[in-house]
file data_3.txt (compact mmCIF, C-alpha atoms)
# COMPACT_ATOMS: atom_id res chain seq x y z
CA MET A 1137 0.00 0.00 0.00
CA ARG A 1138 1.26 3.43 -0.81
CA SER A 1139 1.01 6.35 1.57
CA PHE A 1140 0.01 9.71 0.19
CA ARG A 1141 1.18 13.05 1.63
CA ARG A 1142 -1.05 16.07 1.40
CA PRO A 1143 0.56 18.62 -0.95
CA GLY A 1144 1.93 21.63 0.89
CA PRO A 1145 3.80 24.77 0.00
CA ARG A 1146 6.79 24.36 -2.24
CA ARG A 1147 9.91 23.66 -0.21
CA ILE A 1148 13.20 25.49 -0.66
CA PRO A 1149 16.14 23.04 -0.73
CA LEU A 1150 18.43 23.19 2.29
CA ARG A 1151 21.51 23.87 0.17
CA TRP A 1152 19.99 27.10 -1.18
CA LYS A 1153 18.94 28.16 2.30
CA ILE A 1154 22.49 27.67 3.54
CA ALA A 1155 23.90 29.42 0.47
CA ALA A 1156 21.50 32.35 0.98
CA LEU A 1157 22.45 32.51 4.66
CA ALA A 1158 26.15 32.50 3.75
CA ALA A 1159 25.58 35.23 1.14
CA ALA A 1160 23.57 37.33 3.61
CA THR A 1161 26.25 36.86 6.26
CA GLY A 1162 28.94 37.81 3.75
CA CYS A 1163 27.02 40.94 2.75
CA LEU A 1164 26.53 41.91 6.39
CA VAL A 1165 30.20 41.38 7.21
CA ALA A 1166 31.33 43.25 4.08
CA ALA A 1167 28.97 46.16 4.81
CA SER A 1168 30.05 46.32 8.47
CA VAL A 1169 33.75 46.22 7.60
CA GLY A 1170 33.24 48.76 4.80
CA VAL A 1171 31.43 51.20 7.10
CA LEU A 1172 34.04 50.83 9.85
CA VAL A 1173 36.94 51.27 7.43
CA HIS A 1174 35.23 54.29 5.85
CA VAL A 1175 34.60 55.94 9.23
CA TRP A 1176 38.10 55.25 10.53
CA THR A 1177 39.74 56.44 7.31
CA ALA A 1178 37.59 59.59 7.13
CA THR A 1179 38.41 60.39 10.77
CA ASP A 1180 42.11 59.86 10.11
CA ILE A 1181 42.00 62.13 7.02
CA ARG A 1182 40.33 64.87 9.03
CA GLU A 1183 42.78 64.52 11.91
CA GLN A 1184 45.69 64.65 9.48
CA ALA A 1185 44.23 67.78 7.87
CA GLU A 1186 43.79 69.43 11.27
CA MET A 1187 47.37 68.61 12.20
CA HIS A 1188 48.65 70.05 8.90
CA ALA A 1189 46.54 73.17 9.36
CA SER A 1190 47.87 73.69 12.88
CA ASN A 1191 51.50 73.20 11.75
CA ASN A 1192 51.04 75.48 8.75
CA VAL A 1193 49.57 78.23 10.96
CA TYR A 1194 52.57 77.92 13.25
CA SER A 1195 55.00 78.26 10.33
CA ALA A 1196 53.04 81.13 8.75
CA MET A 1197 52.86 82.98 12.09
CA GLU A 1198 56.61 82.62 12.61
CA THR A 1199 57.24 84.00 9.11
CA TYR A 1200 54.77 86.89 9.61
CA ARG A 1201 56.25 87.91 12.96
CA ARG A 1202 59.79 87.66 11.67
CA THR A 1203 59.42 89.28 8.25
CA GLY A 1204 55.98 90.90 8.35
CA THR A 1205 54.99 89.08 5.19
CA LEU A 1206 52.42 86.35 4.61
CA SER A 1207 53.53 82.97 3.36
CA ASP A 1208 51.73 81.24 0.52
CA GLY A 1209 48.12 80.47 1.39
CA ALA A 1210 48.04 82.60 4.55
CA GLU A 1211 45.55 85.48 4.84
CA LEU A 1212 44.59 88.09 7.41
CA ASP A 1213 40.90 88.09 8.31
CA PRO A 1214 39.77 86.26 5.12
CA PRO A 1215 36.09 86.92 4.36
CA ASP A 1216 35.06 83.24 4.28
CA LEU A 1217 36.71 82.42 7.62
CA PRO A 1218 34.28 80.46 9.86
CA ALA A 1219 32.70 82.46 12.67
CA SER A 1220 34.22 80.20 15.31
CA LEU A 1221 37.69 81.27 14.17
CA ARG A 1222 36.88 84.90 13.39
CA ASN A 1223 36.15 85.79 16.99
CA LEU A 1224 39.05 84.13 18.78
CA THR A 1225 39.54 85.26 22.39
CA ASP A 1226 43.09 84.01 22.86
CA GLY A 1227 46.36 83.77 20.98
CA ASP A 1228 46.38 80.01 20.57
CA ARG A 1229 46.11 78.13 17.33
CA HIS A 1230 42.68 76.80 16.41
CA THR A 1231 41.27 74.66 13.62
CA ALA A 1232 37.79 74.25 12.17
CA TYR A 1233 36.34 71.90 9.55
CA TYR A 1234 34.49 73.46 6.64
CA GLY A 1235 32.74 72.43 3.46
CA GLY A 1236 31.65 68.93 2.49
CA LEU A 1237 31.41 66.97 -0.69
CA ASP A 1238 30.05 70.00 -2.53
CA GLU A 1239 32.24 70.73 -5.55
CA GLU A 1240 31.77 74.48 -5.04
CA ILE A 1241 33.09 74.29 -1.48
CA PRO A 1242 35.97 71.84 -1.43
CA PRO A 1243 36.15 70.21 2.00
CA GLY A 1244 39.07 71.07 4.19
CA VAL A 1245 40.25 72.51 7.51
CA TRP A 1246 40.87 76.14 8.48
CA GLY A 1247 43.73 76.93 10.80
CA ALA A 1248 43.77 80.34 12.52
CA GLN A 1249 45.62 82.37 15.20
CA ARG A 1250 45.52 86.04 16.27
CA VAL A 1251 48.71 87.86 15.40
CA GLY A 1252 48.49 89.92 18.60
CA GLY A 1253 46.12 90.78 21.41
CA PRO A 1254 42.35 91.11 21.29
CA GLY A 1255 41.11 93.03 18.27
CA SER A 1256 44.22 92.18 16.22
CA PRO A 1257 43.85 90.49 12.82
CA VAL A 1258 43.47 86.72 12.57
CA LEU A 1259 46.00 84.91 10.43
CA ALA A 1260 44.34 81.98 8.76
CA LEU A 1261 44.94 79.46 6.04
CA ARG A 1262 43.14 76.50 4.53
CA VAL A 1263 44.25 72.90 4.13
CA SER A 1264 42.27 71.02 1.44
CA MET A 1265 41.10 67.46 2.02
CA ASN A 1266 40.41 66.74 -1.66
CA ALA A 1267 43.30 64.33 -2.06
CA GLY A 1268 42.45 62.43 1.09
CA LEU A 1269 38.73 62.20 0.24
CA TYR A 1270 39.54 61.10 -3.30
CA GLY A 1271 41.64 58.32 -1.81
CA LEU A 1272 38.72 57.51 0.51
CA ARG A 1273 36.38 57.19 -2.46
CA GLN A 1274 38.89 54.94 -4.19
CA LEU A 1275 39.14 52.84 -1.03
CA ASP A 1276 35.34 52.58 -0.85
CA MET A 1277 35.18 51.46 -4.46
CA THR A 1278 37.95 48.93 -3.85
CA MET A 1279 36.10 47.58 -0.81
CA VAL A 1280 32.87 47.22 -2.80
CA VAL A 1281 34.59 45.42 -5.68
CA ALA A 1282 36.52 43.16 -3.30
CA SER A 1283 33.33 42.35 -1.38
CA LEU A 1284 31.50 41.46 -4.59
CA VAL A 1285 34.39 39.25 -5.71
CA VAL A 1286 34.56 37.50 -2.35
CA LEU A 1287 30.77 37.09 -2.36
CA ALA A 1288 30.82 35.67 -5.88
CA VAL A 1289 33.45 33.13 -4.80
CA THR A 1290 32.10 32.19 -1.37
CA THR A 1291 28.45 31.77 -2.38
CA PRO A 1292 29.11 28.90 -4.85
CA LEU A 1293 31.50 27.35 -2.34
CA ALA A 1294 28.82 27.61 0.35
CA ALA A 1295 26.26 26.11 -2.03
CA TYR A 1296 28.67 23.26 -2.84
CA GLY A 1297 29.39 22.58 0.82
CA ALA A 1298 25.70 22.82 1.65
CA GLY A 1299 25.00 20.40 -1.20
CA LEU A 1300 27.36 17.86 0.35
CA LEU A 1301 25.61 18.29 3.70
CA ALA A 1302 22.16 18.11 2.10
CA ARG A 1303 23.16 14.98 0.19
CA ARG A 1304 24.12 13.25 3.42
CA LEU A 1305 20.94 14.47 5.13
CA ARG A 1306 18.89 13.23 2.17
CA GLN A 1307 20.62 9.86 2.42
CA VAL A 1308 19.71 9.60 6.11
CA SER A 1309 16.15 10.79 5.38
CA GLU A 1310 15.70 8.26 2.57
CA THR A 1311 17.02 5.52 4.83
CA ALA A 1312 14.57 6.48 7.57
CA GLY A 1313 11.76 6.55 4.99
CA ARG A 1314 12.64 3.08 3.74
CA ILE A 1315 12.72 1.81 7.31
CA SER A 1316 9.31 3.32 8.04
CA ALA A 1317 8.01 1.68 4.86
CA GLY A 1318 9.08 -1.71 6.18
CA ASP A 1319 12.56 -2.16 4.67
CA LEU A 1320 14.43 -2.93 7.89
CA ASP A 1321 17.55 -3.90 5.95
CA ALA A 1322 18.02 -0.30 4.78
CA ARG A 1323 21.14 1.39 6.15
CA SER A 1324 22.59 4.84 5.58
CA GLY A 1325 26.16 3.61 5.23
CA ILE A 1326 27.53 6.72 7.00
CA THR A 1327 29.68 5.31 9.79
CA GLU A 1328 32.80 7.47 9.91
CA GLY A 1329 31.62 9.46 12.94
CA ARG A 1330 33.16 12.71 11.68
CA ASP A 1331 30.39 15.01 12.91
CA GLU A 1332 26.91 15.19 14.41
CA LEU A 1333 25.28 14.12 11.13
CA ASP A 1334 27.22 10.87 11.21
CA ASP A 1335 26.00 10.35 14.78
CA ILE A 1336 22.41 10.81 13.55
CA ALA A 1337 23.00 8.32 10.73
CA ALA A 1338 24.51 5.81 13.16
CA THR A 1339 21.50 6.27 15.45
CA VAL A 1340 19.09 5.61 12.56
CA ASP A 1341 21.03 2.49 11.60
CA HIS A 1342 21.04 1.30 15.21
CA MET A 1343 17.30 1.94 15.40
CA ALA A 1344 16.80 -0.16 12.27
CA ASP A 1345 18.89 -2.97 13.79
CA THR A 1346 16.81 -2.89 16.98
CA LEU A 1347 13.50 -2.77 15.11
CA GLY A 1348 14.64 -5.55 12.82
CA ARG A 1349 15.53 -7.80 15.74
CA ARG A 1350 12.25 -7.10 17.50
CA LEU A 1351 10.20 -7.64 14.34
CA ARG A 1352 12.04 -10.85 13.51
CA ASP A 1353 11.41 -12.07 17.04
CA GLU A 1354 7.73 -11.17 16.69
CA ARG A 1355 7.43 -12.91 13.33
CA ARG A 1356 9.27 -15.96 14.64
CA PHE A 1357 6.96 -16.06 17.63
CA THR A 1358 3.88 -15.77 15.39
CA ALA A 1359 5.11 -18.55 13.11
CA ASP A 1360 6.04 -20.80 16.05
CA VAL A 1361 2.66 -20.27 17.71
CA ALA A 1362 0.80 -20.98 14.47
CA HIS A 1363 2.79 -24.17 13.84
CA GLU A 1364 2.35 -25.36 17.43
CA LEU A 1365 -1.39 -24.70 17.34
CA ARG A 1366 -1.99 -26.40 14.02
CA THR A 1367 -1.75 -29.95 15.38
CA PRO A 1368 -3.97 -29.51 18.47
CA VAL A 1369 -6.54 -27.58 16.43
CA GLY A 1370 -6.68 -30.45 13.95
CA GLY A 1371 -7.15 -32.81 16.88
CA LEU A 1372 -9.98 -30.66 18.23
CA LEU A 1373 -11.70 -30.71 14.86
CA ALA A 1374 -11.39 -34.50 14.69
CA THR A 1375 -12.71 -34.81 18.24
CA ALA A 1376 -15.69 -32.60 17.38
CA ASP A 1377 -16.63 -35.07 14.68
CA LEU A 1378 -17.01 -37.76 17.36
CA LEU A 1379 -19.56 -35.79 19.36
CA PRO A 1380 -23.21 -36.71 18.94
CA PRO A 1381 -25.15 -34.32 16.71
CA GLY A 1382 -26.69 -31.42 18.53
CA GLU A 1383 -26.39 -27.80 19.45
CA THR A 1384 -23.24 -28.34 21.52
CA GLU A 1385 -21.51 -30.14 18.64
CA ASP A 1386 -22.44 -27.36 16.21
CA MET A 1387 -21.16 -24.62 18.52
CA LEU A 1388 -17.91 -26.47 19.22
CA ARG A 1389 -17.36 -27.24 15.55
CA ALA A 1390 -17.94 -23.54 14.63
CA ARG A 1391 -15.48 -22.35 17.27
CA VAL A 1392 -12.87 -24.88 16.19
CA ARG A 1393 -13.30 -23.82 12.56
CA ASP A 1394 -12.77 -20.19 13.60
CA LEU A 1395 -9.66 -21.19 15.52
CA ARG A 1396 -8.35 -23.18 12.57
CA GLY A 1397 -8.98 -20.22 10.25
CA LEU A 1398 -7.00 -17.97 12.61
CA VAL A 1399 -4.12 -20.47 12.70
CA GLU A 1400 -4.11 -20.69 8.89
CA ASP A 1401 -4.10 -16.90 8.65
CA LEU A 1402 -1.14 -16.71 11.04
CA LEU A 1403 0.74 -19.31 9.00
CA GLU A 1404 0.01 -17.38 5.80
CA ILE A 1405 1.25 -14.14 7.36
CA SER A 1406 4.42 -15.86 8.58
CA ARG A 1407 5.08 -17.11 5.03
CA LEU A 1408 4.49 -13.61 3.64
CA ASP A 1409 6.81 -12.12 6.26
CA ALA A 1410 9.49 -14.64 5.37
CA GLY A 1411 9.17 -13.87 1.64
CA ALA A 1412 8.47 -17.53 0.95
CA GLU A 1413 5.41 -16.90 -1.20
CA ARG A 1414 5.90 -17.14 -4.98
CA PRO A 1415 3.09 -16.43 -7.48
CA VAL A 1416 2.06 -18.98 -10.10
CA SER A 1417 1.01 -16.72 -12.95
CA ASP A 1418 -1.61 -17.45 -15.55
CA ARG A 1419 -3.48 -15.26 -18.01
CA VAL A 1420 -7.07 -15.10 -16.76
CA PRO A 1421 -10.16 -12.93 -17.28
CA LEU A 1422 -10.25 -10.54 -14.35
CA ASP A 1423 -14.04 -10.27 -14.12
CA ALA A 1424 -14.50 -14.04 -13.97
CA VAL A 1425 -11.90 -14.49 -11.23
CA VAL A 1426 -13.41 -11.66 -9.16
CA ALA A 1427 -16.95 -13.05 -9.57
CA GLU A 1428 -15.74 -16.49 -8.45
CA ALA A 1429 -14.00 -14.97 -5.42
CA VAL A 1430 -17.16 -13.11 -4.39
CA THR A 1431 -19.27 -16.24 -4.83
CA ARG A 1432 -16.92 -18.23 -2.59
CA THR A 1433 -17.50 -15.80 0.28
CA GLY A 1434 -21.21 -16.65 0.32
CA LEU A 1435 -22.03 -13.05 1.23
CA PRO A 1436 -24.59 -10.90 -0.62
CA THR A 1437 -22.43 -8.63 -2.74
CA GLU A 1438 -23.15 -6.59 -5.86
CA VAL A 1439 -20.64 -7.26 -8.65
CA ASP A 1440 -20.40 -4.77 -11.50
CA ALA A 1441 -18.24 -6.10 -14.31
CA THR A 1442 -20.03 -4.29 -17.14
CA GLY A 1443 -16.93 -2.20 -17.86
CA GLN A 1444 -14.13 -3.22 -20.16
CA ALA A 1445 -12.38 -5.81 -17.96
CA GLU A 1446 -8.98 -7.06 -19.06
CA HIS A 1447 -7.26 -10.40 -19.17
CA VAL A 1448 -4.44 -10.12 -16.67
CA GLU A 1449 -1.29 -12.11 -16.03
CA THR A 1450 -1.60 -12.99 -12.35
CA ASP A 1451 -1.96 -15.76 -9.80
CA PRO A 1452 -5.72 -16.41 -9.71
CA ARG A 1453 -5.59 -18.15 -6.33
CA ARG A 1454 -3.92 -15.19 -4.66
CA LEU A 1455 -6.20 -12.75 -6.48
CA GLU A 1456 -9.24 -14.62 -5.16
CA ARG A 1457 -7.71 -14.49 -1.68
CA ILE A 1458 -7.30 -10.70 -1.88
CA VAL A 1459 -10.80 -10.03 -3.22
CA GLY A 1460 -12.38 -12.47 -0.77
CA ASN A 1461 -10.65 -10.85 2.21
CA LEU A 1462 -11.72 -7.38 1.06
CA VAL A 1463 -15.34 -8.48 0.64
CA VAL A 1464 -15.42 -10.26 4.03
CA ASN A 1465 -13.85 -7.22 5.68
CA ALA A 1466 -16.44 -4.94 4.07
CA HIS A 1467 -19.31 -7.08 5.39
CA ARG A 1468 -17.76 -7.58 8.82
CA HIS A 1469 -16.80 -3.98 9.52
CA GLY A 1470 -18.96 -1.97 7.14
CA GLU A 1471 -22.60 -1.92 6.12
CA THR A 1472 -24.49 -3.13 3.09
CA PRO A 1473 -24.74 -2.74 0.23
CA VAL A 1474 -21.23 -3.99 -0.53
CA GLN A 1475 -20.27 -3.34 -4.13
CA VAL A 1476 -17.42 -4.78 -6.21
CA THR A 1477 -16.57 -3.00 -9.45
CA VAL A 1478 -14.22 -4.39 -12.12
CA GLU A 1479 -12.93 -2.12 -14.84
CA GLY A 1480 -9.77 -2.58 -16.86
CA SER A 1481 -7.19 -4.08 -14.50
CA THR A 1482 -8.69 -2.44 -11.41
CA VAL A 1483 -10.96 -3.94 -8.75
CA VAL A 1484 -12.82 -1.66 -6.31
CA VAL A 1485 -14.55 -2.98 -3.17
CA ARG A 1486 -16.81 -0.53 -1.38
CA ASP A 1487 -19.14 -0.69 1.60
CA HIS A 1488 -21.45 1.95 3.08
CA GLY A 1489 -20.36 1.82 6.69
CA PRO A 1490 -18.33 4.23 8.87
CA GLY A 1491 -15.25 3.97 6.64
CA PHE A 1492 -11.65 3.09 7.45
CA PRO A 1493 -10.17 4.60 10.63
CA ALA A 1494 -7.66 7.40 10.25
CA ASP A 1495 -4.69 5.38 11.54
CA LEU A 1496 -5.31 2.65 8.94
CA LEU A 1497 -5.39 5.25 6.14
CA ARG A 1498 -2.19 6.78 7.50
CA ASP A 1499 -0.14 3.69 8.46
CA GLY A 1500 -1.86 0.84 6.66
CA PRO A 1501 -3.49 -2.25 8.22
CA ARG A 1502 -1.78 -3.84 11.21
CA ARG A 1503 -2.33 -7.33 12.48
CA PHE A 1504 -4.54 -7.78 15.55
CA GLN A 1505 -5.71 -4.17 15.29
CA THR A 1506 -9.12 -3.43 13.81
CA GLY A 1507 -9.06 0.34 14.32
CA ALA A 1508 -12.19 2.15 15.42
CA ALA A 1509 -14.71 0.34 17.63
CA GLU A 1510 -17.58 1.21 15.30
CA ARG A 1511 -16.01 -0.96 12.59
CA GLY A 1512 -16.69 -4.10 14.59
CA THR A 1513 -14.41 -6.76 16.00
CA GLY A 1514 -11.91 -9.10 14.45
CA HIS A 1515 -8.25 -10.09 14.41
CA GLY A 1516 -7.09 -7.48 11.90
CA LEU A 1517 -5.49 -10.17 9.74
CA GLY A 1518 -7.69 -10.03 6.63
CA LEU A 1519 -6.44 -6.70 5.30
CA THR A 1520 -2.87 -7.53 6.39
CA ILE A 1521 -2.98 -10.70 4.29
CA ALA A 1522 -4.57 -8.80 1.37
CA VAL A 1523 -1.73 -6.25 1.41
CA GLY A 1524 0.91 -9.00 1.61
CA GLN A 1525 -0.61 -10.99 -1.24
CA ALA A 1526 -0.96 -7.84 -3.36
CA ARG A 1527 2.74 -7.22 -2.83
CA VAL A 1528 3.50 -10.77 -4.00
CA LEU A 1529 1.47 -10.13 -7.17
CA GLY A 1530 3.20 -6.81 -7.81
CA ALA A 1531 -0.15 -5.06 -7.42
CA GLU A 1532 -1.04 -1.87 -5.57
CA LEU A 1533 -3.73 -1.86 -2.88
CA HIS A 1534 -5.05 1.53 -1.71
CA PHE A 1535 -7.46 2.30 1.10
CA ALA A 1536 -9.66 5.39 1.23
CA ASN A 1537 -13.03 6.66 2.41
CA ALA A 1538 -15.77 7.73 0.01
CA PRO A 1539 -16.93 11.36 0.28
CA ASP A 1540 -20.50 10.23 0.92
CA GLY A 1541 -19.47 7.60 3.47
CA GLY A 1542 -18.12 4.09 3.33
CA ALA A 1543 -14.75 2.39 2.98
CA VAL A 1544 -13.18 1.98 -0.46
CA ALA A 1545 -10.40 -0.51 -1.24
CA THR A 1546 -8.86 -0.24 -4.71
CA LEU A 1547 -6.67 -2.99 -6.19
CA HIS A 1548 -4.58 -2.07 -9.26
CA LEU A 1549 -3.18 -5.13 -11.02
CA PRO A 1550 -0.34 -4.96 -13.52
CA SER A 1551 -1.83 -4.86 -17.02
call {"tool": "encode", "arguments": {"input": "data_3.txt", "output": "structure tokens"}}
result
Amino acid sequence: MRSFRRPGPRRIPLRWKIAALAAATGCLVAASVGVLVHVWTATDIREQAEMHASNNVYSAMETYRRTGTLSDGAELDPPDLPASLRNLTDGDRHTAYYGGLDEEIPPGVWGAQRVGGPGSPVLALRVSMNAGLYGLRQLDMTMVVASLVVLAVTTPLAAYGAGLLARRLRQVSETAGRISAGDLDARSGITEGRDELDDIAATVDHMADTLGRRLRDERRFTADVAHELRTPVGGLLATADLLPPGETEDMLRARVRDLRGLVEDLLEISRLDAGAERPVSDRVPLDAVVAEAVTRTGLPTEVDATGQAEHVETDPRRLERIVGNLVVNAHRHGETPVQVTVEGSTVVVRDHGPGFPADLLRDGPRRFQTGAAERGTGHGLGLTIAVGQARVLGAELHFANAPDGGAVATLHLPS
């Protein structure tokens, strides 16, 4: 039986998530480093300009006091001198930043000092920061280009590394999926123990080993019990034949027959578990085999074979076993009318009862579990045998509930 997963939103592969995270982290780091480098470099350029302005004012003042002349670039009370330097109250050297990135006002630093006491002219000169800011712009451009190059290199590398990680995760996931589907021999094959993912893979493999041992013990126990019960049950049936006819003999014979049927079912399941069942194929008309299987159940069932039924290559005995179990299950746990439809290479068995329980639709039939109480009592072996025999035939058996109520079992045979 196949399990169907409800379609959800489209998933983004893990490798692209990791690659996107690496790219976002790279962008954040590059932007942070770029901003810090820009701020530090701009501060250093301004401090250097202030130092040059202060030194130039000192040299110009020495020249003015010694010769009475102004050196190149020095002015007395220049008209565009900042107000903070125009009204100096002491004879110390002072600096002030001016301008910005405006081309009409080149950025720079004013240096100024009064040539004498209060009211005396202010000697001032300007130190341009154009060269330093041009270098800063070049540095910014270099940082951007370098960041893009590093990002272009690291993102594919991150995607490649994430792909390796995702491949290993997918391998572990596929192994776990195969185990959950019943393949207890599935193993991830990751045993190096290099990192946490290898530990997860080893844990999954160990889980499969444990489940395999427990399931093998359970199957061995089931087979042993069935074989041990077969002889005493046969003896009980023979003893029942010796009882005088009457109600007691009929009740005992019916109970012994039920017990023998249970033992035969357990033996059949043990053979299916062991993989000892082999189909004997023959080309047969599907509608005729299904009609014969329904007739053998002795239960009132509607058979609709008016569609275009096919001749199929299958084992008719096993096919009858599957159809018979589905019909008996529909009568035992559902409600009439029970309908069997044959069309093409597909057989559909439907009842009009409460439908299959949710856990059976999700996990498939399990032995000795009949699901919801409203579906009646039983051993839960009929559907388990049907699924096992369908697997032997290479067929697909699906379970669902009809929208208007009732359980629907659909058997798809190979054409």
call {"tool": "closest_residue", "arguments": {"input": "data_3.txt", "among": "A:Met1277, A:Ala1543, A:Ala1189, A:Ile1458", "to": "His1488 (chain A)", "atoms": "only C-alpha atoms"}}
result
A:Ala1543
call {"tool": "closest_atom_pairs", "arguments": {"input": "data_3.txt", "of": "region 1211-1314 of chain A", "to": "region 1146-1158 of chain A", "cutoff": "10 Å", "atoms": "all atoms listed in the file", "output": "tab-separated table"}}
result
residue	atom	partner	partner_atom	distance
A:Leu1287	CA	A:Ala1158	CA	8.9
A:Thr1290	CA	A:Ala1158	CA	7.9
A:Thr1291	CA	A:Ala1155	CA	5.9
A:Pro1292	CA	A:Ala1155	CA	7.5
A:Leu1293	CA	A:Ala1155	CA	8.4
A:Ala1294	CA	A:Ala1155	CA	5.2
A:Ala1295	CA	A:Ala1155	CA	4.8
A:Tyr1296	CA	A:Arg1151	CA	7.8
A:Gly1297	CA	A:Arg1151	CA	8.0
A:Ala1298	CA	A:Arg1151	CA	4.6
A:Gly1299	CA	A:Arg1151	CA	5.1
A:Leu1300	CA	A:Arg1151	CA	8.4
A:Leu1301	CA	A:Arg1151	CA	7.8
A:Ala1302	CA	A:Arg1151	CA	6.1
A:Arg1303	CA	A:Arg1151	CA	9.0
A:Leu1305	CA	A:Leu1150	CA	9.5
A:Arg1306	CA	A:Leu1150	CA	10.0
call {"tool": "residues_around", "arguments": {"input": "data_3.txt", "residues": "Gln1184 (chain A)", "least_positions_apart": "4", "cutoff": "12 Å", "atoms": "all atoms listed in the file", "output": "list of chain:residue names"}}
result
A:Thr1177, A:Ala1178, A:Thr1179, A:Asp1180, A:His1188, A:Ala1189, A:Ser1190, A:Asn1191, A:Thr1231, A:Tyr1233, A:Gly1244, A:Val1245, A:Val1263, A:Ser1264, A:Met1265, A:Ala1267, A:Gly1268, A:Leu1269
call {"tool": "atom_distance", "arguments": {"input": "data_3.txt", "atom1": "CA of Ala1536 (chain A)", "atom2": "CA of Gly1491 (chain A)"}}
result
7.9 Å
call {"tool": "closest_residue", "arguments": {"input": "data_3.txt", "among": "A:Asp1495, A:Asp1276, A:Asp1331, A:Asp1423", "to": "Glu1446 (chain A)", "atoms": "all atoms listed in the file"}}
result
A:Asp1423
call {"tool": "residues_around", "arguments": {"input": "data_3.txt", "residues": "region 1199-1205 of chain A", "least_positions_apart": "2", "cutoff": "12 Å", "atoms": "only C-alpha atoms", "output": "tab-separated table (two decimals) with C-alpha atoms, in the frame of the given file"}}
result
chain	number	residue	atom	x	y	z
A	1192	ASN	CA	51.04	75.48	8.75
A	1193	VAL	CA	49.57	78.23	10.96
A	1194	TYR	CA	52.57	77.92	13.25
A	1195	SER	CA	55.00	78.26	10.33
A	1196	ALA	CA	53.04	81.13	8.75
A	1197	MET	CA	52.86	82.98	12.09
A	1207	SER	CA	53.53	82.97	3.36
A	1208	ASP	CA	51.73	81.24	0.52
A	1209	GLY	CA	48.12	80.47	1.39
A	1210	ALA	CA	48.04	82.60	4.55
A	1211	GLU	CA	45.55	85.48	4.84
A	1212	LEU	CA	44.59	88.09	7.41
A	1249	GLN	CA	45.62	82.37	15.20
A	1250	ARG	CA	45.52	86.04	16.27
A	1251	VAL	CA	48.71	87.86	15.40
A	1252	GLY	CA	48.49	89.92	18.60
A	1257	PRO	CA	43.85	90.49	12.82
A	1258	VAL	CA	43.47	86.72	12.57
A	1259	LEU	CA	46.00	84.91	10.43
A	1260	ALA	CA	44.34	81.98	8.76
call {"tool": "axis_aligned_box", "arguments": {"input": "data_3.txt", "around": "region 1177-1187 of chain A", "padding_each_side": "3 Å", "output": "JSON"}}
result
{"center_x": 42.5, "center_y": 62.9, "center_z": 9.6, "size_x": 15.8, "size_y": 19.0, "size_z": 11.2}
call {"tool": "closest_residue", "arguments": {"input": "data_3.txt", "among": "A:Thr1375, A:Thr1339, A:Ser1256, A:Thr1437", "to": "Pro1473 (chain A)", "atoms": "all atoms listed in the file"}}
result
A:Thr1437
call {"tool": "build_atoms", "arguments": {"input": "data_3.txt", "residues": "region 1191-1202 of chain A", "atoms": "N, CA and C atoms", "output": "PDB file, in the coordinates of the input"}}
result
ATOM      1  N   ASN A1191      50.056  73.012  12.023  1.00  0.00           N
ATOM      2  CA  ASN A1191      51.500  73.200  11.750  1.00  0.00           C
ATOM      3  C   ASN A1191      51.741  74.335  10.762  1.00  0.00           C
ATOM      4  N   ASN A1192      50.866  74.414   9.731  1.00  0.00           N
ATOM      5  CA  ASN A1192      51.040  75.480   8.750  1.00  0.00           C
ATOM      6  C   ASN A1192      50.799  76.859   9.368  1.00  0.00           C
ATOM      7  N   VAL A1193      49.803  76.952  10.267  1.00  0.00           N
ATOM      8  CA  VAL A1193      49.570  78.230  10.960  1.00  0.00           C
ATOM      9  C   VAL A1193      50.787  78.610  11.794  1.00  0.00           C
ATOM     10  N   TYR A1194      51.379  77.641  12.443  1.00  0.00           N
ATOM     11  CA  TYR A1194      52.570  77.920  13.250  1.00  0.00           C
ATOM     12  C   TYR A1194      53.697  78.457  12.368  1.00  0.00           C
ATOM     13  N   SER A1195      53.931  77.807  11.234  1.00  0.00           N
ATOM     14  CA  SER A1195      55.000  78.260  10.330  1.00  0.00           C
ATOM     15  C   SER A1195      54.692  79.633   9.748  1.00  0.00           C
ATOM     16  N   ALA A1196      53.411  79.845   9.334  1.00  0.00           N
ATOM     17  CA  ALA A1196      53.040  81.130   8.750  1.00  0.00           C
ATOM     18  C   ALA A1196      53.134  82.252   9.781  1.00  0.00           C
ATOM     19  N   MET A1197      52.778  81.965  11.040  1.00  0.00           N
ATOM     20  CA  MET A1197      52.860  82.980  12.090  1.00  0.00           C
ATOM     21  C   MET A1197      54.317  83.346  12.377  1.00  0.00           C
ATOM     22  N   GLU A1198      55.196  82.337  12.387  1.00  0.00           N
ATOM     23  CA  GLU A1198      56.610  82.620  12.610  1.00  0.00           C
ATOM     24  C   GLU A1198      57.150  83.508  11.482  1.00  0.00           C
ATOM     25  N   THR A1199      56.778  83.202  10.248  1.00  0.00           N
ATOM     26  CA  THR A1199      57.240  84.000   9.110  1.00  0.00           C
ATOM     27  C   THR A1199      56.692  85.426   9.191  1.00  0.00           C
ATOM     28  N   TYR A1200      55.399  85.559   9.544  1.00  0.00           N
ATOM     29  CA  TYR A1200      54.770  86.890   9.610  1.00  0.00           C
ATOM     30  C   TYR A1200      55.419  87.746  10.707  1.00  0.00           C
ATOM     31  N   ARG A1201      55.670  87.153  11.855  1.00  0.00           N
ATOM     32  CA  ARG A1201      56.250  87.910  12.960  1.00  0.00           C
ATOM     33  C   ARG A1201      57.716  88.262  12.677  1.00  0.00           C
ATOM     34  N   ARG A1202      58.378  87.415  11.930  1.00  0.00           N
ATOM     35  CA  ARG A1202      59.790  87.660  11.670  1.00  0.00           C
ATOM     36  C   ARG A1202      59.992  88.633  10.514  1.00  0.00           C
TER      37      ARG A1202
END
